[in-house]
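Data from upload.txt: compact mmCIF, C-alpha atoms and all ligand atoms
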```txt
# COMPACT_ATOMS: atom_id res chain seq x y z
CA MET P 14 80.72 140.47 202.45
CA LYS P 15 84.40 139.67 202.08
CA VAL P 16 84.73 136.44 200.14
CA LEU P 17 87.91 134.43 199.72
CA VAL P 18 87.91 132.78 196.30
CA ILE P 19 90.06 129.67 196.00
CA ASN P 20 91.10 127.90 192.81
CA ALA P 21 93.16 124.91 193.89
CA GLY P 22 95.24 122.88 191.46
CA SER P 23 97.41 119.86 192.26
CA SER P 24 100.49 121.95 193.08
CA SER P 25 99.14 125.49 192.98
CA LEU P 26 96.45 127.54 194.69
CA LYS P 27 95.17 130.80 193.25
CA TYR P 28 93.23 133.12 195.54
CA GLN P 29 91.40 136.45 195.57
CA LEU P 30 89.83 138.33 198.42
CA ILE P 31 86.80 140.18 197.05
CA ASP P 32 84.45 142.61 198.76
CA THR P 33 81.14 141.67 197.15
CA GLU P 34 79.38 144.85 198.33
CA ASN P 35 81.34 146.93 195.80
CA GLU P 36 82.90 144.06 193.79
CA TYR P 37 86.35 145.26 194.74
CA VAL P 38 89.32 142.89 194.59
CA ILE P 39 91.15 143.59 197.85
CA ALA P 40 94.09 141.31 197.21
CA LYS P 41 95.01 138.33 195.08
CA GLY P 42 97.83 135.94 194.37
CA ILE P 43 99.01 132.41 193.97
CA CYS P 44 100.86 129.70 195.89
CA GLU P 45 103.05 127.63 193.59
CA ARG P 46 105.03 124.42 193.87
CA ILE P 47 102.98 123.12 196.80
CA ALA P 48 104.29 119.76 198.07
CA ILE P 49 107.04 119.59 195.44
CA GLY P 50 109.71 121.78 197.08
CA GLY P 51 110.71 125.37 196.38
CA SER P 52 107.20 126.63 197.22
CA VAL P 53 106.47 130.31 196.82
CA LEU P 54 103.55 132.55 197.74
CA CYS P 55 102.83 135.59 195.64
CA TYR P 56 100.61 138.14 197.37
CA LYS P 57 99.34 141.30 195.71
CA PRO P 58 97.25 143.79 197.63
CA THR P 59 95.41 145.96 195.08
CA GLY P 60 97.25 149.20 194.38
CA LYS P 61 100.38 148.08 196.21
CA ASP P 62 103.55 146.27 195.24
CA PRO P 63 103.40 142.47 195.10
CA ILE P 64 105.19 140.51 197.80
CA GLU P 65 106.85 137.13 197.34
CA VAL P 66 107.34 134.75 200.24
CA LYS P 67 109.52 131.69 199.72
CA LYS P 68 108.68 129.06 202.31
CA ASP P 69 108.03 125.38 201.98
CA MET P 70 104.37 124.36 201.81
CA LYS P 71 104.06 120.65 202.33
CA ASN P 72 100.37 120.59 201.49
CA HIS P 73 97.36 122.77 200.68
CA THR P 74 96.69 123.43 204.37
CA ASP P 75 100.11 125.09 204.62
CA ALA P 76 99.28 127.10 201.51
CA VAL P 77 95.94 128.35 202.89
CA LYS P 78 97.64 129.23 206.20
CA MET P 79 100.22 131.29 204.34
CA VAL P 80 97.54 133.07 202.33
CA LEU P 81 95.69 133.99 205.53
CA ASP P 82 98.91 135.10 207.22
CA ALA P 83 99.61 137.40 204.29
CA LEU P 84 96.06 138.80 204.33
CA ILE P 85 96.19 139.64 208.06
CA ALA P 86 99.88 140.66 208.34
CA PRO P 87 99.99 143.82 210.52
CA ASP P 88 102.01 145.95 208.09
CA THR P 89 101.18 144.64 204.60
CA GLY P 90 97.87 142.88 205.26
CA VAL P 91 94.42 144.00 204.08
CA ILE P 92 92.20 142.75 206.91
CA LYS P 93 92.58 142.77 210.69
CA SER P 94 91.61 139.21 211.37
CA MET P 95 90.39 136.03 209.73
CA SER P 96 86.91 136.67 211.14
CA GLU P 97 86.41 139.38 208.50
CA ILE P 98 86.17 136.65 205.85
CA GLY P 99 82.44 135.95 205.55
CA ALA P 100 82.66 132.96 203.21
CA VAL P 101 84.96 130.97 200.96
CA GLY P 102 84.12 130.17 197.34
CA HIS P 103 85.82 127.23 195.64
CA ARG P 104 86.20 126.67 191.93
CA ILE P 105 85.41 123.04 191.18
CA VAL P 106 86.00 121.63 187.73
CA HIS P 107 83.55 118.75 187.46
CA GLY P 108 80.03 118.76 188.79
CA GLY P 109 78.80 116.00 186.47
CA GLU P 110 75.03 115.95 186.08
CA ARG P 111 74.64 116.44 189.79
CA PHE P 112 75.26 120.21 189.92
CA SER P 113 73.58 122.71 187.64
CA SER P 114 74.31 125.63 189.94
CA SER P 115 76.55 126.59 192.83
CA VAL P 116 76.01 124.94 196.24
CA LEU P 117 76.82 125.37 199.90
CA ILE P 118 79.46 122.76 200.68
CA THR P 119 78.45 120.10 203.21
CA ASP P 120 80.01 116.73 204.00
CA GLU P 121 77.55 115.13 201.61
CA ILE P 122 78.54 117.53 198.82
CA ILE P 123 82.22 116.74 199.44
CA LYS P 124 81.40 113.07 199.03
CA THR P 125 79.65 113.72 195.74
CA ILE P 126 82.58 115.80 194.42
CA GLU P 127 84.81 112.92 195.42
CA GLU P 128 82.66 110.48 193.48
CA LEU P 129 82.85 112.74 190.44
CA SER P 130 86.67 112.57 190.55
CA GLU P 131 86.38 109.63 188.21
CA LEU P 132 85.32 112.08 185.51
CA ALA P 133 88.08 114.63 186.32
CA PRO P 134 90.93 112.69 187.93
CA LEU P 135 93.40 115.56 187.69
CA HIS P 136 91.14 118.37 188.82
CA ASN P 137 88.49 117.35 191.35
CA PRO P 138 90.94 115.79 193.84
CA ALA P 139 93.01 119.00 193.73
CA ASN P 140 89.89 121.13 194.24
CA LEU P 141 88.99 118.92 197.20
CA MET P 142 92.41 119.51 198.75
CA GLY P 143 91.61 123.23 198.72
CA ILE P 144 88.21 122.62 200.33
CA ARG P 145 89.64 120.38 203.05
CA ALA P 146 92.43 122.82 203.84
CA CYS P 147 89.97 125.70 204.31
CA LYS P 148 87.63 123.50 206.34
CA GLU P 149 90.48 122.62 208.66
CA ILE P 150 91.58 126.21 209.19
CA MET P 151 88.20 127.97 209.04
CA PRO P 152 85.71 125.31 210.17
CA ASP P 153 82.90 127.77 210.88
CA VAL P 154 83.09 129.83 207.71
CA PRO P 155 80.48 128.85 205.08
CA MET P 156 81.94 127.46 201.88
CA VAL P 157 80.43 127.36 198.41
CA GLY P 158 81.35 125.24 195.38
CA VAL P 159 81.10 126.77 191.90
CA PHE P 160 81.35 124.26 189.06
CA ASP P 161 82.89 124.70 185.61
CA THR P 162 80.34 122.33 184.16
CA ALA P 163 77.20 123.82 185.78
CA PHE P 164 76.36 126.44 183.14
CA HIS P 165 76.28 123.75 180.43
CA GLN P 166 73.72 121.58 182.21
CA THR P 167 70.98 123.26 180.12
CA MET P 168 72.16 121.54 176.93
CA PRO P 169 69.47 119.37 175.32
CA PRO P 170 70.12 115.62 174.78
CA GLU P 171 70.82 116.07 171.07
CA ALA P 172 73.76 118.29 172.03
CA TYR P 173 75.08 116.39 175.03
CA LEU P 174 74.74 112.80 173.81
CA TYR P 175 77.39 111.22 171.61
CA GLY P 176 76.60 108.84 168.79
CA LEU P 177 77.49 105.91 171.00
CA SER P 178 75.07 103.40 172.46
CA TYR P 179 72.63 104.86 174.99
CA ASP P 180 74.10 102.46 177.56
CA ALA P 181 77.43 104.31 177.40
CA TYR P 182 75.55 107.31 178.79
CA ARG P 183 73.32 105.41 181.22
CA GLU P 184 75.94 103.12 182.66
CA MET P 185 79.15 105.13 182.38
CA MET P 186 77.89 108.71 182.24
CA ILE P 187 79.64 109.24 178.91
CA ARG P 188 78.21 112.50 177.55
CA ARG P 189 79.23 116.05 176.75
CA TYR P 190 79.66 118.09 179.95
CA GLY P 191 81.53 121.17 178.71
CA PHE P 192 83.94 123.29 180.70
CA HIS P 193 84.87 126.98 181.27
CA GLY P 194 81.17 127.37 182.19
CA THR P 195 81.76 130.16 184.70
CA SER P 196 83.58 132.17 182.04
CA HIS P 197 80.98 131.55 179.32
CA TYR P 198 78.28 132.53 181.81
CA TYR P 199 80.05 135.75 182.85
CA VAL P 200 80.78 137.02 179.34
CA SER P 201 77.39 136.00 177.94
CA ARG P 202 75.62 137.89 180.76
CA ARG P 203 77.66 140.96 179.96
CA ALA P 204 76.98 140.57 176.22
CA ILE P 205 73.22 140.37 176.90
CA GLU P 206 73.49 143.65 178.85
CA LEU P 207 75.44 145.25 176.00
CA LEU P 208 72.97 144.02 173.36
CA GLY P 209 70.09 145.65 175.23
CA LYS P 210 67.60 143.07 173.91
CA PRO P 211 65.29 140.87 175.97
CA GLU P 212 67.37 137.92 177.17
CA HIS P 213 65.11 135.25 175.65
CA GLU P 214 65.67 136.70 172.16
CA THR P 215 69.48 136.65 172.32
CA ARG P 216 71.74 134.25 170.40
CA ILE P 217 75.41 134.54 171.30
CA VAL P 218 78.55 132.55 170.48
CA THR P 219 81.11 132.94 173.26
CA CYS P 220 84.73 132.11 172.36
CA HIS P 221 86.89 131.44 175.42
CA LEU P 222 90.29 131.28 173.75
CA GLY P 223 93.25 130.67 176.06
CA ASN P 224 95.66 127.88 176.70
CA GLY P 225 92.59 125.69 176.70
CA SER P 226 89.81 126.94 174.43
CA SER P 227 86.10 126.34 174.18
CA ILE P 228 83.24 127.83 172.19
CA THR P 229 79.65 127.94 173.48
CA ALA P 230 76.27 128.60 171.89
CA VAL P 231 74.26 130.67 174.37
CA LYS P 232 70.60 130.96 173.39
CA GLY P 233 68.22 132.97 175.56
CA GLY P 234 70.96 133.19 178.20
CA LYS P 235 71.40 129.40 178.37
CA SER P 236 74.17 127.16 177.10
CA ILE P 237 72.69 124.94 174.39
CA ASP P 238 75.94 123.49 173.05
CA THR P 239 79.64 123.74 173.72
CA SER P 240 82.80 122.50 172.06
CA MET P 241 84.50 120.76 174.98
CA GLY P 242 82.93 117.45 175.77
CA PHE P 243 83.30 114.48 178.08
CA THR P 244 86.74 115.95 178.85
CA PRO P 245 88.45 119.25 177.99
CA LEU P 246 90.26 117.48 175.14
CA GLU P 247 87.43 117.91 172.63
CA GLY P 248 86.77 120.92 170.43
CA VAL P 249 89.20 123.26 168.71
CA PRO P 250 92.92 122.40 168.65
CA MET P 251 94.48 124.13 171.69
CA GLY P 252 97.88 125.06 173.11
CA THR P 253 98.97 121.44 173.57
CA ARG P 254 95.68 119.52 173.12
CA CYS P 255 94.62 118.08 169.79
CA GLY P 256 90.89 118.88 169.97
CA ASN P 257 88.58 117.03 167.56
CA ILE P 258 90.15 114.16 165.65
CA ASP P 259 88.80 111.05 163.97
CA PRO P 260 88.44 108.64 166.94
CA ALA P 261 89.95 105.89 164.79
CA ILE P 262 93.30 107.74 164.97
CA VAL P 263 93.59 106.65 168.62
CA MET P 264 93.44 102.96 167.65
CA TYR P 265 95.75 103.54 164.69
CA LEU P 266 98.39 105.27 166.86
CA MET P 267 98.26 102.56 169.51
CA ASP P 268 98.70 99.95 166.83
CA LYS P 269 101.40 101.66 164.73
CA LYS P 270 103.48 103.03 167.59
CA ASN P 271 102.77 100.28 170.06
CA TRP P 272 101.60 102.93 172.54
CA ASP P 273 99.57 102.22 175.66
CA ILE P 274 96.68 104.39 176.86
CA LYS P 275 98.95 106.55 179.03
CA LYS P 276 101.19 107.38 176.08
CA VAL P 277 98.30 108.30 173.76
CA LYS P 278 96.76 110.41 176.49
CA GLU P 279 99.98 112.32 177.01
CA TYR P 280 100.48 112.74 173.26
CA MET P 281 97.00 114.14 172.70
CA ASN P 282 96.96 116.34 175.81
CA LYS P 283 100.52 117.62 176.04
CA LYS P 284 102.26 117.27 172.70
CA SER P 285 99.61 118.13 170.14
CA GLY P 286 97.72 121.28 169.20
CA MET P 287 99.67 124.48 168.54
CA LEU P 288 102.83 123.03 170.06
CA GLY P 289 102.65 119.80 168.11
CA ILE P 290 101.97 121.44 164.76
CA SER P 291 104.39 124.36 165.05
CA GLY P 292 107.14 122.52 166.90
CA VAL P 293 107.78 125.96 168.43
CA SER P 294 105.46 126.71 171.34
CA SER P 295 101.93 126.47 172.70
CA ASP P 296 101.91 130.21 173.40
CA PHE P 297 100.28 132.41 170.79
CA ARG P 298 102.79 135.21 171.42
CA ASP P 299 105.65 132.88 170.46
CA LEU P 300 103.71 131.58 167.46
CA SER P 301 103.08 135.06 166.17
CA ALA P 302 106.77 136.00 166.55
CA ALA P 303 107.87 132.77 164.85
CA SER P 304 105.38 133.23 162.06
CA GLU P 305 106.59 136.81 161.46
CA SER P 306 110.13 135.57 161.11
CA GLY P 307 109.02 133.15 158.41
CA ASN P 308 108.26 129.93 160.30
CA GLU P 309 105.68 128.26 158.06
CA ARG P 310 104.52 125.68 160.62
CA ALA P 311 103.84 128.36 163.22
CA LYS P 312 101.64 130.14 160.68
CA ILE P 313 99.80 126.92 159.79
CA ALA P 314 99.14 126.25 163.51
CA VAL P 315 97.50 129.65 164.04
CA ASP P 316 95.57 129.38 160.77
CA LEU P 317 94.28 125.95 161.79
CA PHE P 318 93.18 127.27 165.18
CA CYS P 319 91.32 130.23 163.65
CA TYR P 320 89.72 128.00 161.00
CA HIS P 321 88.31 125.67 163.66
CA VAL P 322 86.96 128.52 165.80
CA LYS P 323 85.31 129.97 162.69
CA LYS P 324 83.67 126.63 161.90
CA TYR P 325 82.15 126.55 165.39
CA ILE P 326 80.76 130.07 164.94
CA GLY P 327 79.08 128.91 161.74
CA ALA P 328 77.80 125.68 163.27
CA TYR P 329 76.41 127.37 166.37
CA SER P 330 74.75 130.15 164.33
CA ALA P 331 72.87 127.37 162.54
CA ALA P 332 72.12 125.57 165.82
CA MET P 333 70.57 128.78 167.24
CA ASN P 334 68.78 129.72 163.98
CA GLY P 335 70.69 132.99 163.89
CA LEU P 336 73.25 135.11 165.62
CA ASP P 337 73.24 138.42 167.53
CA ALA P 338 76.74 138.53 168.98
CA ILE P 339 80.14 136.91 169.07
CA VAL P 340 82.23 137.34 172.22
CA PHE P 341 86.00 136.92 172.51
CA THR P 342 87.50 136.31 175.93
CA ALA P 343 90.47 134.77 177.86
CA GLY P 344 94.21 135.12 177.17
CA VAL P 345 94.11 134.79 173.39
CA GLY P 346 90.59 136.15 172.81
CA GLU P 347 91.22 139.31 174.83
CA ASN P 348 94.73 140.01 173.55
CA ASP P 349 95.45 138.52 170.16
CA ARG P 350 94.11 140.90 167.51
CA GLU P 351 95.46 138.85 164.61
CA VAL P 352 93.65 135.74 165.78
CA ARG P 353 90.39 137.71 166.07
CA GLU P 354 90.94 139.19 162.62
CA LYS P 355 91.50 135.80 161.01
CA ILE P 356 88.41 134.34 162.67
CA LEU P 357 86.18 137.26 161.71
CA ALA P 358 87.40 137.66 158.12
CA GLY P 359 84.67 136.77 155.64
CA LEU P 360 81.88 136.47 158.19
CA ASP P 361 79.97 139.36 156.57
CA PHE P 362 77.59 136.79 155.01
CA LEU P 363 76.35 136.17 158.58
CA GLY P 364 75.80 139.88 159.16
CA VAL P 365 79.10 140.46 160.94
CA ASP P 366 80.46 143.82 159.78
CA THR P 367 83.78 143.91 161.63
CA ASP P 368 85.66 147.19 161.98
CA PHE P 369 89.12 145.72 161.45
CA GLU P 370 90.71 149.08 162.20
CA LEU P 371 88.99 149.14 165.58
CA ASN P 372 90.04 145.55 166.22
CA ARG P 373 93.67 146.41 165.44
CA ASN P 374 93.64 149.41 167.76
CA CYS P 375 91.52 148.15 170.61
CA PRO P 376 93.47 148.12 173.89
CA ARG P 377 94.49 144.70 175.17
CA GLY P 378 92.39 143.15 177.89
CA LYS P 379 89.72 145.90 177.84
CA GLU P 380 86.04 145.60 177.00
CA ALA P 381 85.34 146.72 173.44
CA VAL P 382 82.87 146.52 170.54
CA ILE P 383 84.76 145.79 167.32
CA THR P 384 81.95 145.89 164.76
CA LYS P 385 80.74 148.91 162.76
CA PRO P 386 77.70 150.74 164.23
CA GLY P 387 75.17 149.23 161.78
CA SER P 388 76.44 145.65 162.06
CA LYS P 389 73.58 143.16 162.43
CA VAL P 390 75.78 140.93 164.57
CA LYS P 391 77.88 142.64 167.25
CA VAL P 392 81.35 141.44 168.15
CA PHE P 393 82.51 142.10 171.70
CA VAL P 394 85.83 141.65 173.44
CA ILE P 395 84.95 141.03 177.10
CA PRO P 396 87.61 140.25 179.71
CA THR P 397 86.40 137.27 181.67
CA ASP P 398 86.16 137.30 185.46
CA GLU P 399 85.45 133.83 186.83
CA GLU P 400 86.49 134.86 190.35
CA MET P 401 83.81 137.56 190.45
CA VAL P 402 81.11 135.00 189.54
CA ILE P 403 82.42 132.70 192.28
CA ALA P 404 82.42 135.56 194.80
CA ARG P 405 78.87 136.64 193.85
CA ASP P 406 77.46 133.10 194.08
CA THR P 407 79.31 132.49 197.33
CA ALA P 408 77.98 135.65 199.00
CA ALA P 409 74.45 134.94 197.79
CA LEU P 410 74.42 131.37 199.13
CA ALA P 411 76.25 132.18 202.36
CA LYS P 412 73.74 134.93 203.23
CA ARG P 413 70.76 132.56 203.01
P1 LIG J 501 94.43 129.37 180.66
O1 LIG J 501 93.67 128.51 179.73
O2 LIG J 501 95.71 128.76 181.13
O3 LIG J 501 93.61 130.02 181.74
P2 LIG J 501 94.66 132.05 179.59
O4 LIG J 501 93.24 132.34 179.31
O5 LIG J 501 95.33 132.81 180.67
O6 LIG J 501 94.94 130.51 179.73
O7 LIG J 501 95.47 132.28 178.23
C1 LIG J 501 96.84 132.05 178.17
C2 LIG J 501 97.28 132.18 176.73
O8 LIG J 501 96.91 133.47 176.23
C3 LIG J 501 98.80 132.14 176.56
O9 LIG J 501 99.25 130.84 176.41
C4 LIG J 501 98.98 132.94 175.29
O10 LIG J 501 98.94 132.04 174.21
C5 LIG J 501 97.81 133.87 175.21
N1 LIG J 501 98.16 135.27 175.40
C6 LIG J 501 98.31 135.94 176.55
N2 LIG J 501 98.65 137.22 176.33
C7 LIG J 501 98.71 137.37 175.00
C8 LIG J 501 99.01 138.46 174.11
N3 LIG J 501 99.32 139.66 174.57
N4 LIG J 501 98.98 138.22 172.78
C9 LIG J 501 98.67 137.00 172.31
N5 LIG J 501 98.38 135.95 173.07
C10 LIG J 501 98.40 136.12 174.39
```

Whole structure given in structure tokens:
Amino acid sequence: MKVLVINAGSSSLKYQLIDTENEYVIAKGICERIAIGGSVLCYKPTGKDPIEVKKDMKNHTDAVKMVLDALIAPDTGVIKSMSEIGAVGHRIVHGGERFSSSVLITDEIIKTIEELSELAPLHNPANLMGIRACKEIMPDVPMVGVFDTAFHQTMPPEAYLYGLSYDAYREMMIRRYGFHGTSHYYVSRRAIELLGKPEHETRIVTCHLGNGSSITAVKGGKSIDTSMGFTPLEGVPMGTRCGNIDPAIVMYLMDKKNWDIKKVKEYMNKKSGMLGISGVSSDFRDLSAASESGNERAKIAVDLFCYHVKKYIGAYSAAMNGLDAIVFTAGVGENDREVREKILAGLDFLGVDTDFELNRNCPRGKEAVITKPGSKVKVFVIPTDEEMVIARDTAALAKR
């Protein structure tokens, strides 16, 4: 089945057309600057040169129309007509407690996703715009929603509850949800295959390290704890997000600086983390260059990041009563050898015998094992593929 995978943001829409029979990506691309002027569609048929189309898109419906036009264009297209698309899979950020797996999208499901917008005010409404646009243009094509939070719904109460009153959970749904679930699921599945052990015996820490980062403890193939929480602000310090801090700092900042909620939110989400500490950039490539040319704060930022990731590996090894594998994935995890080296240094006490030479030489963005052959704990670099999970789930549900 040919599945169109859609990842809609507030002003962007990423897409991939995937043939699920052979898991081949036929074409992919992105629409940017939707509804804000200067819109552009990037379209890349696999194995061919990318094409850029500059044309105003006043909303997501325009964007989806342009994607379809590009896919069926007589000369540069990859399919003959829209009817070749068997189903559409949508990435949805927040599924709350309502969704622990992917679902066929109905009007009732749309309503539920809408209700959950309260928990993800930036993301769910944007995801819904993508759903509505596709529904308008392809009303008869089945659509499936795949949730970032779904994989983490297996966490036990001791992991998902905060030390607040139980009413905060019961009345306001304040709990840990976790994010990047599709990625943690994909790489942990692959790691289980690579380990070659029965799934129920496996204990894996998956490190999704990108612009946003999260670490997950995957025991017996299930997420039992994860570093992001009620929102994607919790956990390790990230590109521009602060990650874990003493909650009292929020009150202190508001008091000292006379900031309102909006200001604190912006400060902790956009001006903190690697950017805030280094004063240079949120991008690890820039940080590494700055650090090499002697910028002390850039070095401290990266050290702090690695230190926090390492602490999670230790904590989750204890939570799972042991460890069989560590997985690195996403932009930083797949590409930044120095970050991996800093995180893995000194973990031999856990049974991690890293081959630092292998780590240094392993090709960027390719699957690799970076531990020595006898290492009790294996360390894998596994490129994530959230779109493939969405395509697989979509085909499976649409065929039913
Ligand atoms: P997002 O969270 O936005 O999906 P990604 O997983 O794509 O992010 O990761 C993006 C980040 O990956 C960049 O901000 C950059 O810090 C890092 N990155 C990408 N390529 C490299 C590289 N070659 N070396 C080091 N870091 C890289």

Subject >> Env. residues ligand LIG 501 (chain J) / 12 Å / all atoms listed in the file / as a PyMOL selection string >> reply: chain P and resi 20+22+27+192-193+196+220-227+245+251-254+286-288+294-302+315+318+341-353+376-379+396-399

Subject >> Spatial sel., origin (70.3, 122.9, 174.9), limit 8 Å, all atoms listed in the file, listed as number ranges by chain >> reply: P: 167-172, 235-238

Where's the centre, and what are the edge lengths in Å to one decimal, of a box along x, y and z enclosing all listed atoms of stretch 325-332 of chain P padded 8 Å per side, as lines of an AutoDock Vina configuration file?
```
center_x = 77.1
center_y = 127.9
center_z = 164.1
size_x = 26.0
size_y = 20.6
size_z = 20.6
```

**OP:** Go ahead and find all residues with at least one atom no further than 7 Å from (89.5, 134.1, 198.3) in the file's coordinates, using only C-alpha atoms; report them as a PyMOL selection string.
**Re:** chain P and resi 16-19+28-31+101-102

List as CSV every residue of stretch 70-138 of chain P that is in contact with stretch 35-50 of chain P, defined as an atom at most 6 Å from one of its atoms (using all atoms listed in the file), together with the nearest atom pair and the distance in Å rounded to one decimal, sorted by chain and then rising number.
```
residue,atom,partner,partner_atom,distance
P:Met70,CA,P:Ile47,CA,5.3
P:Lys71,CA,P:Ala48,CA,4.4
P:Asn72,CA,P:Ala48,CA,5.3
```

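A straight line drawn from atom CA of P:Val382 to atom CA of P:His213 is 21.6 Å long.
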
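Minimum distance to P:Ala331 across P:Leu371, P:Ala204, P:Val218, P:Val402 (counting all atoms listed in the file) occurs at P:Val218.
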
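Here atom CA of P:Lys355 and atom CA of P:Phe164 stand 28.4 Å from one another.
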
**OP:** One decimal, Å: what's the distance from atom CA of P:Glu131 over to atom CA of P:Val154, could you say?
**Re:** 28.3 Å

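Using all atoms listed in the file, the smallest distance between any of P:Lys283, P:Ser178, P:Phe112, P:His197 and P:Gln166 comes from P:Phe112.
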
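Among the candidates P:Glu149, P:Asp180, P:Asp62, P:Asp32, the one nearest to P:Thr407 when counting all atoms listed in the file is P:Asp32.
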
I need stretch 133-148 of chain P from the structure I supplied, saved as a PDB file, in the first residue's frame with N, CA, C and O atoms retained.
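Written output follows (decode.pdb):
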```pdb
ATOM      1  N   ALA P 133      -1.409  20.108  24.759  1.00  0.00           N
ATOM      2  CA  ALA P 133      -0.361  20.429  23.769  1.00  0.00           C
ATOM      3  C   ALA P 133      -0.862  21.548  22.866  1.00  0.00           C
ATOM      4  O   ALA P 133      -1.146  21.332  21.688  1.00  0.00           O
ATOM      5  N   PRO P 134      -0.969  22.762  23.432  1.00  0.00           N
ATOM      6  CA  PRO P 134      -1.601  23.861  22.698  1.00  0.00           C
ATOM      7  C   PRO P 134      -0.870  24.279  21.417  1.00  0.00           C
ATOM      8  O   PRO P 134      -1.476  24.855  20.531  1.00  0.00           O
ATOM      9  N   LEU P 135       0.414  23.982  21.327  1.00  0.00           N
ATOM     10  CA  LEU P 135       1.136  24.358  20.110  1.00  0.00           C
ATOM     11  C   LEU P 135       1.028  23.270  19.049  1.00  0.00           C
ATOM     12  O   LEU P 135       1.018  23.545  17.856  1.00  0.00           O
ATOM     13  N   HIS P 136       0.977  22.021  19.501  1.00  0.00           N
ATOM     14  CA  HIS P 136       1.095  20.916  18.550  1.00  0.00           C
ATOM     15  C   HIS P 136      -0.207  20.317  18.049  1.00  0.00           C
ATOM     16  O   HIS P 136      -0.402  20.180  16.848  1.00  0.00           O
ATOM     17  N   ASN P 137      -1.108  19.922  18.975  1.00  0.00           N
ATOM     18  CA  ASN P 137      -2.321  19.235  18.512  1.00  0.00           C
ATOM     19  C   ASN P 137      -3.153  20.052  17.521  1.00  0.00           C
ATOM     20  O   ASN P 137      -3.607  19.505  16.518  1.00  0.00           O
ATOM     21  N   PRO P 138      -3.359  21.367  17.753  1.00  0.00           N
ATOM     22  CA  PRO P 138      -4.137  22.129  16.768  1.00  0.00           C
ATOM     23  C   PRO P 138      -3.477  22.111  15.379  1.00  0.00           C
ATOM     24  O   PRO P 138      -4.166  22.034  14.363  1.00  0.00           O
ATOM     25  N   ALA P 139      -2.153  22.150  15.346  1.00  0.00           N
ATOM     26  CA  ALA P 139      -1.443  22.106  14.059  1.00  0.00           C
ATOM     27  C   ALA P 139      -1.633  20.739  13.404  1.00  0.00           C
ATOM     28  O   ALA P 139      -1.908  20.639  12.204  1.00  0.00           O
ATOM     29  N   ASN P 140      -1.522  19.661  14.201  1.00  0.00           N
ATOM     30  CA  ASN P 140      -1.747  18.319  13.674  1.00  0.00           C
ATOM     31  C   ASN P 140      -3.157  18.192  13.116  1.00  0.00           C
ATOM     32  O   ASN P 140      -3.380  17.597  12.057  1.00  0.00           O
ATOM     33  N   LEU P 141      -4.112  18.800  13.806  1.00  0.00           N
ATOM     34  CA  LEU P 141      -5.509  18.755  13.358  1.00  0.00           C
ATOM     35  C   LEU P 141      -5.700  19.486  12.031  1.00  0.00           C
ATOM     36  O   LEU P 141      -6.515  19.072  11.198  1.00  0.00           O
ATOM     37  N   MET P 142      -4.940  20.563  11.830  1.00  0.00           N
ATOM     38  CA  MET P 142      -5.039  21.279  10.552  1.00  0.00           C
ATOM     39  C   MET P 142      -4.631  20.348   9.412  1.00  0.00           C
ATOM     40  O   MET P 142      -5.234  20.367   8.341  1.00  0.00           O
ATOM     41  N   GLY P 143      -3.619  19.543   9.637  1.00  0.00           N
ATOM     42  CA  GLY P 143      -3.171  18.574   8.635  1.00  0.00           C
ATOM     43  C   GLY P 143      -4.255  17.538   8.356  1.00  0.00           C
ATOM     44  O   GLY P 143      -4.527  17.179   7.204  1.00  0.00           O
ATOM     45  N   ILE P 144      -4.895  17.054   9.429  1.00  0.00           N
ATOM     46  CA  ILE P 144      -5.954  16.046   9.292  1.00  0.00           C
ATOM     47  C   ILE P 144      -7.130  16.628   8.498  1.00  0.00           C
ATOM     48  O   ILE P 144      -7.631  16.011   7.547  1.00  0.00           O
ATOM     49  N   ARG P 145      -7.543  17.828   8.872  1.00  0.00           N
ATOM     50  CA  ARG P 145      -8.704  18.448   8.215  1.00  0.00           C
ATOM     51  C   ARG P 145      -8.428  18.730   6.748  1.00  0.00           C
ATOM     52  O   ARG P 145      -9.302  18.542   5.889  1.00  0.00           O
ATOM     53  N   ALA P 146      -7.203  19.159   6.451  1.00  0.00           N
ATOM     54  CA  ALA P 146      -6.844  19.443   5.059  1.00  0.00           C
ATOM     55  C   ALA P 146      -6.929  18.172   4.218  1.00  0.00           C
ATOM     56  O   ALA P 146      -7.510  18.173   3.127  1.00  0.00           O
ATOM     57  N   CYS P 147      -6.414  17.075   4.729  1.00  0.00           N
ATOM     58  CA  CYS P 147      -6.444  15.804   3.979  1.00  0.00           C
ATOM     59  C   CYS P 147      -7.877  15.296   3.846  1.00  0.00           C
ATOM     60  O   CYS P 147      -8.257  14.749   2.802  1.00  0.00           O
ATOM     61  N   LYS P 148      -8.662  15.473   4.901  1.00  0.00           N
ATOM     62  CA  LYS P 148     -10.054  15.030   4.883  1.00  0.00           C
ATOM     63  C   LYS P 148     -10.836  15.777   3.802  1.00  0.00           C
ATOM     64  O   LYS P 148     -11.686  15.205   3.124  1.00  0.00           O
TER      65      LYS P 148
END
```
